[in-house]
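Raw input22.txt, compact mmCIF, C-alpha atoms and all ligand atoms:
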# COMPACT_ATOMS: atom_id res chain seq x y z
CA MET A 1 139.95 63.70 216.79
CA PRO A 2 136.77 63.82 214.68
CA SER A 3 138.90 63.09 211.63
CA ILE A 4 140.18 59.85 213.26
CA ILE A 5 136.59 58.77 213.93
CA ALA A 6 135.63 59.59 210.34
CA LEU A 7 138.61 57.64 209.05
CA THR A 8 137.77 54.65 211.26
CA ILE A 9 134.17 54.66 210.03
CA PHE A 10 135.36 54.96 206.44
CA ILE A 11 137.83 52.06 206.78
CA SER A 12 135.23 49.87 208.52
CA PHE A 13 132.77 50.65 205.74
CA MET A 14 135.33 49.72 203.07
CA LEU A 15 136.16 46.47 204.91
CA ILE A 16 132.48 45.52 205.05
CA LEU A 17 132.13 46.24 201.33
CA LEU A 18 135.24 44.16 200.59
CA PHE A 19 133.89 41.31 202.73
CA TYR A 20 130.59 41.23 200.82
CA TYR A 21 132.34 41.55 197.49
CA LEU A 22 134.58 38.55 198.23
CA LYS A 23 131.70 36.52 199.66
CA LYS A 24 129.47 37.09 196.64
CA PRO A 25 129.25 34.05 194.36
CA PRO A 26 130.96 34.57 191.00
CA ILE A 27 128.64 35.82 188.26
CA THR A 28 127.94 32.84 186.05
CA SER A 29 127.84 33.79 182.43
CA LEU A 30 126.89 31.68 179.46
CA PHE A 31 129.38 33.65 177.41
CA PRO A 32 132.63 31.66 177.69
CA GLU A 33 135.73 33.28 179.14
CA ASN A 34 137.64 32.99 175.87
CA GLY A 35 134.51 33.92 173.86
CA VAL A 36 135.88 37.19 172.51
CA ASN A 37 138.95 35.46 171.09
CA ILE A 38 136.87 32.68 169.58
CA LEU A 39 134.60 35.20 167.85
CA LEU A 40 137.55 37.28 166.66
CA ASN A 41 139.25 34.23 165.19
CA HIS A 42 136.23 32.57 163.61
CA VAL A 43 133.47 35.09 162.87
CA SER A 44 134.33 37.73 160.27
CA PHE A 45 131.00 39.56 160.78
CA TYR A 46 131.98 40.12 164.44
CA ARG A 47 135.58 41.00 163.58
CA ASN A 48 134.39 43.81 161.29
CA LEU A 49 132.20 45.49 163.93
CA SER A 50 133.26 48.56 165.92
CA ASP A 51 134.20 47.98 169.58
CA ASN A 52 130.78 49.13 170.82
CA LEU A 53 128.93 46.92 168.40
CA LYS A 54 131.16 43.97 169.34
CA ILE A 55 129.91 44.33 172.93
CA SER A 56 126.34 44.43 171.71
CA PHE A 57 127.00 41.27 169.61
CA GLN A 58 128.38 39.48 172.69
CA LYS A 59 125.29 40.48 174.66
CA LYS A 60 122.98 39.10 171.95
CA VAL A 61 124.99 35.87 171.85
CA GLU A 62 124.59 35.52 175.59
CA ASP A 63 120.83 36.23 175.41
CA PHE A 64 120.44 33.58 172.73
CA LEU A 65 122.34 30.99 174.80
CA LYS A 66 119.92 31.65 177.68
CA TYR A 67 116.85 30.40 175.84
CA VAL A 68 118.17 27.85 173.35
CA ASN A 69 119.79 24.54 174.30
CA ILE A 70 122.62 23.36 172.12
CA GLU A 71 123.18 19.62 172.34
CA GLY A 72 125.55 17.26 170.63
CA VAL A 73 124.32 13.92 169.33
CA LYS A 74 127.11 11.46 170.14
CA ILE A 75 129.58 14.33 170.20
CA GLN A 76 130.99 16.70 172.76
CA VAL A 77 129.92 20.31 172.14
CA THR A 78 132.74 22.82 172.62
CA ASP A 79 132.61 26.55 173.38
CA LEU A 80 133.53 27.16 169.75
CA ASP A 81 130.55 25.13 168.50
CA ARG A 82 128.11 26.87 170.84
CA LEU A 83 129.41 30.27 169.77
CA LEU A 84 129.17 29.39 166.07
CA VAL A 85 125.52 28.38 166.52
CA ALA A 86 124.80 31.58 168.47
CA ALA A 87 126.68 33.72 165.92
CA SER A 88 124.60 32.12 163.12
CA ALA A 89 121.48 33.16 165.03
CA VAL A 90 122.64 36.67 165.89
CA ILE A 91 124.09 37.72 162.52
CA PRO A 92 120.74 37.93 160.63
CA ILE A 93 118.98 39.82 163.44
CA PHE A 94 121.94 41.80 164.75
CA TYR A 95 120.49 45.20 163.82
CA PHE A 96 116.94 44.39 165.04
CA ASP A 97 115.75 45.57 168.45
CA HIS A 98 114.97 42.75 170.88
CA TRP A 99 114.52 39.87 168.44
CA LYS A 100 113.81 36.46 169.92
CA TYR A 101 113.48 33.22 167.92
CA ASN A 102 110.12 32.18 169.36
CA ASN A 103 110.00 29.09 167.18
CA LEU A 104 113.19 27.51 168.53
CA SER A 105 114.16 25.77 171.76
CA THR A 106 116.93 23.33 170.82
CA VAL A 107 119.73 23.03 168.29
CA LEU A 108 121.07 19.50 167.81
CA LEU A 109 124.57 19.14 166.43
CA TYR A 110 125.35 15.98 164.47
CA PRO A 111 128.81 14.61 163.73
CA HIS A 112 127.94 14.27 160.01
CA SER A 113 125.20 15.12 157.52
CA PHE A 114 121.99 13.14 157.85
CA ASN A 115 119.09 11.94 155.82
CA GLN A 116 115.75 13.61 156.04
CA GLU A 117 113.61 10.49 156.63
CA GLU A 118 115.27 10.17 160.02
CA PHE A 119 113.64 13.41 161.09
CA LEU A 120 110.15 13.24 159.62
CA SER A 121 110.68 16.50 157.87
CA ASP A 122 110.18 17.60 154.31
CA GLU A 123 112.16 20.76 154.77
CA ALA A 124 115.60 19.23 154.78
CA ASP A 125 118.08 20.91 152.54
CA ARG A 126 119.73 19.23 149.59
CA ASP A 127 123.01 18.43 151.26
CA VAL A 128 121.05 17.85 154.44
CA SER A 129 123.63 19.64 156.47
CA GLY A 130 120.92 21.53 158.26
CA MET A 131 117.18 21.66 158.76
CA VAL A 132 114.43 23.32 160.69
CA GLY A 133 112.09 20.75 162.22
CA ASN A 134 108.44 20.26 161.49
CA GLY A 135 105.62 18.35 163.22
CA PRO A 136 107.13 16.36 166.11
CA MET A 137 110.46 18.10 165.51
CA GLN A 138 108.88 21.55 165.83
CA ARG A 139 111.15 24.06 167.61
CA ILE A 140 114.23 21.97 166.85
CA MET A 141 117.01 22.83 164.44
CA ILE A 142 119.52 20.23 163.31
CA LEU A 143 122.95 21.10 162.01
CA SER A 144 125.87 18.99 160.88
CA LEU A 145 128.79 20.16 162.99
CA PRO A 146 131.52 19.84 160.32
CA GLN A 147 129.41 21.90 157.92
CA LEU A 148 128.56 24.48 160.57
CA ARG A 149 132.30 25.00 161.12
CA GLU A 150 132.96 24.99 157.38
CA GLY A 151 130.51 27.90 156.92
CA PHE A 152 132.70 30.10 159.13
CA ASN A 153 135.90 29.05 157.43
CA ILE A 154 137.68 32.05 155.95
CA ASN A 155 137.38 30.50 152.48
CA ALA A 156 133.74 29.52 152.86
CA GLY A 157 132.54 32.02 150.26
CA GLN A 158 128.80 32.39 150.07
CA SER A 159 127.57 29.32 151.98
CA ASN A 160 127.00 29.18 155.68
CA VAL A 161 124.60 26.47 156.81
CA GLY A 162 124.10 28.01 160.26
CA ILE A 163 123.03 31.39 158.88
CA HIS A 164 121.01 29.65 156.14
CA GLU A 165 118.89 27.75 158.68
CA PHE A 166 118.35 30.79 160.90
CA VAL A 167 117.15 32.75 157.88
CA HIS A 168 114.57 29.95 157.32
CA LEU A 169 113.48 30.47 160.93
CA LEU A 170 113.05 34.21 160.39
CA ASP A 171 111.00 33.38 157.31
CA LYS A 172 108.94 30.91 159.38
CA GLU A 173 108.09 33.54 161.99
CA ASP A 174 104.90 34.50 160.09
CA GLY A 175 103.80 30.85 159.86
CA ASP A 176 105.05 30.03 156.35
CA VAL A 177 108.51 29.21 155.07
CA ASP A 178 107.84 30.87 151.74
CA GLY A 179 110.73 33.26 151.18
CA LEU A 180 108.47 36.18 152.11
CA PRO A 181 109.15 37.03 155.74
CA GLN A 182 106.31 39.41 156.60
CA ALA A 183 108.16 40.73 159.65
CA LEU A 184 111.04 41.90 157.45
CA LEU A 185 109.57 42.86 154.12
CA ASP A 186 107.16 45.71 154.39
CA LYS A 187 104.49 45.71 151.72
CA LYS A 188 106.04 48.48 149.66
CA ASN A 189 109.24 46.43 149.18
CA ASN A 190 107.38 43.28 148.12
CA PRO A 191 107.00 44.05 144.39
CA GLU A 192 110.64 45.16 144.08
CA TYR A 193 111.80 42.05 145.89
CA MET A 194 109.71 39.74 143.69
CA ARG A 195 111.04 41.43 140.56
CA LEU A 196 114.64 40.95 141.76
CA VAL A 197 113.96 37.32 142.67
CA ASP A 198 112.59 36.57 139.19
CA GLU A 199 115.43 38.42 137.49
CA THR A 200 118.11 36.65 139.54
CA ILE A 201 116.53 33.22 139.08
CA HIS A 202 116.52 33.86 135.34
CA GLU A 203 120.27 34.65 135.49
CA ILE A 204 121.01 31.50 137.52
CA LYS A 205 119.06 29.35 135.05
CA ASN A 206 121.08 30.82 132.20
CA ASN A 207 124.40 30.19 133.99
CA ARG A 208 124.99 33.92 134.27
CA SER A 209 125.17 34.05 138.05
CA ASP A 210 127.64 33.18 140.79
CA ILE A 211 124.74 32.31 143.14
CA ASP A 212 124.47 28.64 144.15
CA ALA A 213 121.88 27.04 141.83
CA TYR A 214 120.14 25.57 144.89
CA ALA A 215 118.55 29.04 145.19
CA ILE A 216 116.12 28.24 142.37
CA THR A 217 114.58 25.30 144.29
CA ASN A 218 111.85 27.61 145.59
CA ARG A 219 111.46 31.12 147.05
CA ALA A 220 112.32 30.03 150.58
CA GLU A 221 115.62 28.55 149.40
CA PHE A 222 116.27 31.62 147.27
CA PHE A 223 115.88 33.81 150.34
CA ALA A 224 118.10 31.58 152.54
CA VAL A 225 120.85 31.05 149.94
CA THR A 226 121.12 34.70 148.91
CA SER A 227 120.85 35.98 152.50
CA SER A 228 123.66 33.68 153.60
CA PHE A 229 125.75 34.99 150.65
CA PHE A 230 124.92 38.57 151.73
CA PHE A 231 126.11 37.94 155.31
CA ASN A 232 129.10 35.72 154.57
CA ALA A 233 130.62 37.66 151.67
CA PRO A 234 128.96 41.10 151.64
CA ASP A 235 131.55 42.79 149.41
CA GLU A 236 131.30 40.14 146.74
CA PHE A 237 127.50 40.14 147.00
CA LYS A 238 127.42 43.93 146.63
CA ARG A 239 129.71 43.83 143.61
CA ASN A 240 127.67 41.23 141.76
CA HIS A 241 124.11 41.84 142.99
CA GLU A 242 123.89 45.48 143.90
CA ALA A 243 120.11 45.94 143.74
CA LEU A 244 119.52 42.87 145.92
CA TYR A 245 122.30 44.03 148.25
CA ILE A 246 120.60 47.42 148.75
CA LEU A 247 117.27 45.73 149.44
CA TYR A 248 118.79 43.24 151.90
CA LYS A 249 120.47 46.10 153.73
CA LYS A 250 116.97 47.53 154.22
CA ILE A 251 115.42 44.18 155.18
CA TYR A 252 118.14 43.40 157.70
CA ARG A 253 118.17 47.05 158.91
CA TRP A 254 121.85 47.66 158.34
CA PRO A 255 122.85 51.22 159.19
ZN ZN B 1 117.32 25.76 152.99
As structure tokens, what does this structure read like?
Amino acid sequence: MPSIIALTIFISFMLILLFYYLKKPPITSLFPENGVNILLNHVSFYRNLSDNLKISFQKKVEDFLKYVNIEGVKIQVTDLDRLLVAASAVIPIFYFDHWKYNNLSTVLLYPHSFNQEEFLSDEADRDVSGMVGNGPMQRIMILSLPQLREGFNINAGQSNVGIHEFVHLLDKEDGDVDGLPQALLDKKNNPEYMRLVDETIHEIKNNRSDIDAYAITNRAEFFAVTSSFFFNAPDEFKRNHEALYILYKKIYRWP
């Protein structure tokens, strides 16, 4: 008899649990349902991570989407586009603990490249496929959608405008976009980094480098161009720029 009572209590308990479980509103997540497949198909950095690290990447993507708005200007923004923006943000800081882009609230996606006068900024890049806002455009990043997608194309090589602009934001964290991100470069690495910058710029000027010549514009562009090369094509970067590769592994805290 006592066992029947126990069983009845147990079943009632399970029914109550089931009732509450079914009544509970679905957990809304900013990470799209097909997000894993999108990342696997489009983001090689993600594809090359172990299963555990893939989960951590997804979590960081979701965290980013919680505090940054991604809006299309005269275009519809798809899950793919939102994930490519978030992946561009997460890749440079993936191995950092709890990084937040404090200097960003909105990413605007444009259907084409744009001209810098439109945005009152002097930090537009040459092809003006991306920029980090200044003055009234503070905390806003602008990206050309076709070029954002192009950067994640399997044949993109060293350029990735999304990663490039987020590296500028990391650089800006200490107040100056000067190619010397104080949060990343500890003082003892500074002289080695400056020596490598000068050496590499010399090679580019003498046509002895595979690095995009835009890198010699100034130190900030050098840092963004070479970092984007490092993330987008790490094997090629390692082969051709080993000393810089080793230093960037330290800066970006790769295991
Ligand atoms: Zn740039």
Considering only C-alpha atoms and all ligand atoms, state which residue in the set A:Ser129, A:Asn155, A:Gln76, A:Asn190 is at the smallest distance from ligand ZN 1 (chain B).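 Selected residue with least distance to ligand ZN 1 (chain B): A:Ser129.
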Given 9 Å and only C-alpha atoms and all ligand atoms, residues near ligand ZN 1 (chain B) as number ranges by chain: A: 123-126, 128, 130-132, 161, 164-165, 167-168, 214-215, 220-225
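Across A:Asp176, A:Ile251, A:Leu148, A:Lys54, the tightest approach to A:Ser113 is made by A:Leu148 when counting only C-alpha atoms.
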Rank A:Leu53, A:Leu143, A:Ala233, A:Val43 by their smallest atom-to-atom distance to A:Tyr95, using all atoms listed in the file, and report the top residue only. A:Leu53
Cut-off 12 Å around (127.9, 40.0, 154.1) with all atoms listed in the file: residues as number ranges by chain: A: 43-46, 48, 91-92, 157-160, 163, 226-239, 241, 245-246, 248-249, 252, 254
Closest to A:Glu173 among A:Ser88, A:Asn103, A:Asn134, A:Asn207, using only C-alpha atoms?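 Residue with the minimum atom-to-atom distance to A:Glu173: A:Asn103.
Note that atom CA of A:Met194 and atom CA of A:Asn240 are 18.1 Å apart.
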Considering only C-alpha atoms, can you say which of A:Leu65, A:Leu244, A:Leu145, A:Phe94 comes closest to A:Val77?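 Residue with the minimum atom-to-atom distance to A:Val77: A:Leu145.
Closest approach to A:Val85 among A:Gln147, A:Gln138, A:Asn37, A:Ser56: A:Gln147, based on all atoms listed in the file.
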Using all atoms listed in the file, which protein or nucleic acid residues come within 10 Å of A:Leu247? Drop anything in the same chain fewer than 5 positions from it, and give the result as a PDB file with C-alpha atoms, in the coordinates of the input.
ATOM      1  CA  LEU A 185     109.570  42.860 154.120  1.00  0.00           C
ATOM      2  CA  ASN A 189     109.240  46.430 149.180  1.00  0.00           C
ATOM      3  CA  GLU A 192     110.640  45.160 144.080  1.00  0.00           C
ATOM      4  CA  TYR A 193     111.800  42.050 145.890  1.00  0.00           C
ATOM      5  CA  LEU A 196     114.640  40.950 141.760  1.00  0.00           C
ATOM      6  CA  GLU A 242     123.890  45.480 143.900  1.00  0.00           C
ATOM      7  CA  TYR A 252     118.140  43.400 157.700  1.00  0.00           C
ATOM      8  CA  ARG A 253     118.170  47.050 158.910  1.00  0.00           C
TER       9      ARG A 253
END
When you draw a straight line from atom CA of A:Leu104 to atom CA of A:Pro32, how long is it in Å?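 We find that atom CA of A:Leu104 and atom CA of A:Pro32 lie 21.9 Å from each other.
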Tell me, in Å to one decimal, how far atom CA of A:Ser50 is from atom CA of A:Phe64. 20.9 Å
Counting all atoms listed in the file, find residues at most 10 Å from (126.8, 26.8, 173.1) (file frame) and give them as a PDB file with C-alpha atoms, keeping the file's coordinate frame.
ATOM      1  CA  LEU A  30     126.890  31.680 179.460  1.00  0.00           C
ATOM      2  CA  PHE A  31     129.380  33.650 177.410  1.00  0.00           C
ATOM      3  CA  PRO A  32     132.630  31.660 177.690  1.00  0.00           C
ATOM      4  CA  VAL A  61     124.990  35.870 171.850  1.00  0.00           C
ATOM      5  CA  GLU A  62     124.590  35.520 175.590  1.00  0.00           C
ATOM      6  CA  PHE A  64     120.440  33.580 172.730  1.00  0.00           C
ATOM      7  CA  LEU A  65     122.340  30.990 174.800  1.00  0.00           C
ATOM      8  CA  LYS A  66     119.920  31.650 177.680  1.00  0.00           C
ATOM      9  CA  VAL A  68     118.170  27.850 173.350  1.00  0.00           C
ATOM     10  CA  ASN A  69     119.790  24.540 174.300  1.00  0.00           C
ATOM     11  CA  ILE A  70     122.620  23.360 172.120  1.00  0.00           C
ATOM     12  CA  GLU A  71     123.180  19.620 172.340  1.00  0.00           C
ATOM     13  CA  GLY A  72     125.550  17.260 170.630  1.00  0.00           C
ATOM     14  CA  VAL A  77     129.920  20.310 172.140  1.00  0.00           C
ATOM     15  CA  THR A  78     132.740  22.820 172.620  1.00  0.00           C
ATOM     16  CA  ASP A  79     132.610  26.550 173.380  1.00  0.00           C
ATOM     17  CA  LEU A  80     133.530  27.160 169.750  1.00  0.00           C
ATOM     18  CA  ASP A  81     130.550  25.130 168.500  1.00  0.00           C
ATOM     19  CA  ARG A  82     128.110  26.870 170.840  1.00  0.00           C
ATOM     20  CA  LEU A  83     129.410  30.270 169.770  1.00  0.00           C
ATOM     21  CA  LEU A  84     129.170  29.390 166.070  1.00  0.00           C
ATOM     22  CA  VAL A  85     125.520  28.380 166.520  1.00  0.00           C
ATOM     23  CA  ALA A  86     124.800  31.580 168.470  1.00  0.00           C
ATOM     24  CA  ALA A  87     126.680  33.720 165.920  1.00  0.00           C
ATOM     25  CA  VAL A 107     119.730  23.030 168.290  1.00  0.00           C
TER      26      VAL A 107
END
Which residues, written as a list in words, have at least one atom at most 10 Å from A:Lys100, with all atoms listed in the file counted and residues fewer than 2 positions away on the same chain left out?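 So the residues in contact are Lys60, Asp63, Phe64, Tyr67, Ala89, Val90, Ile93, Phe96, Asp97, His98, Asn102, Asn103, Leu104 and Leu170 of chain A.
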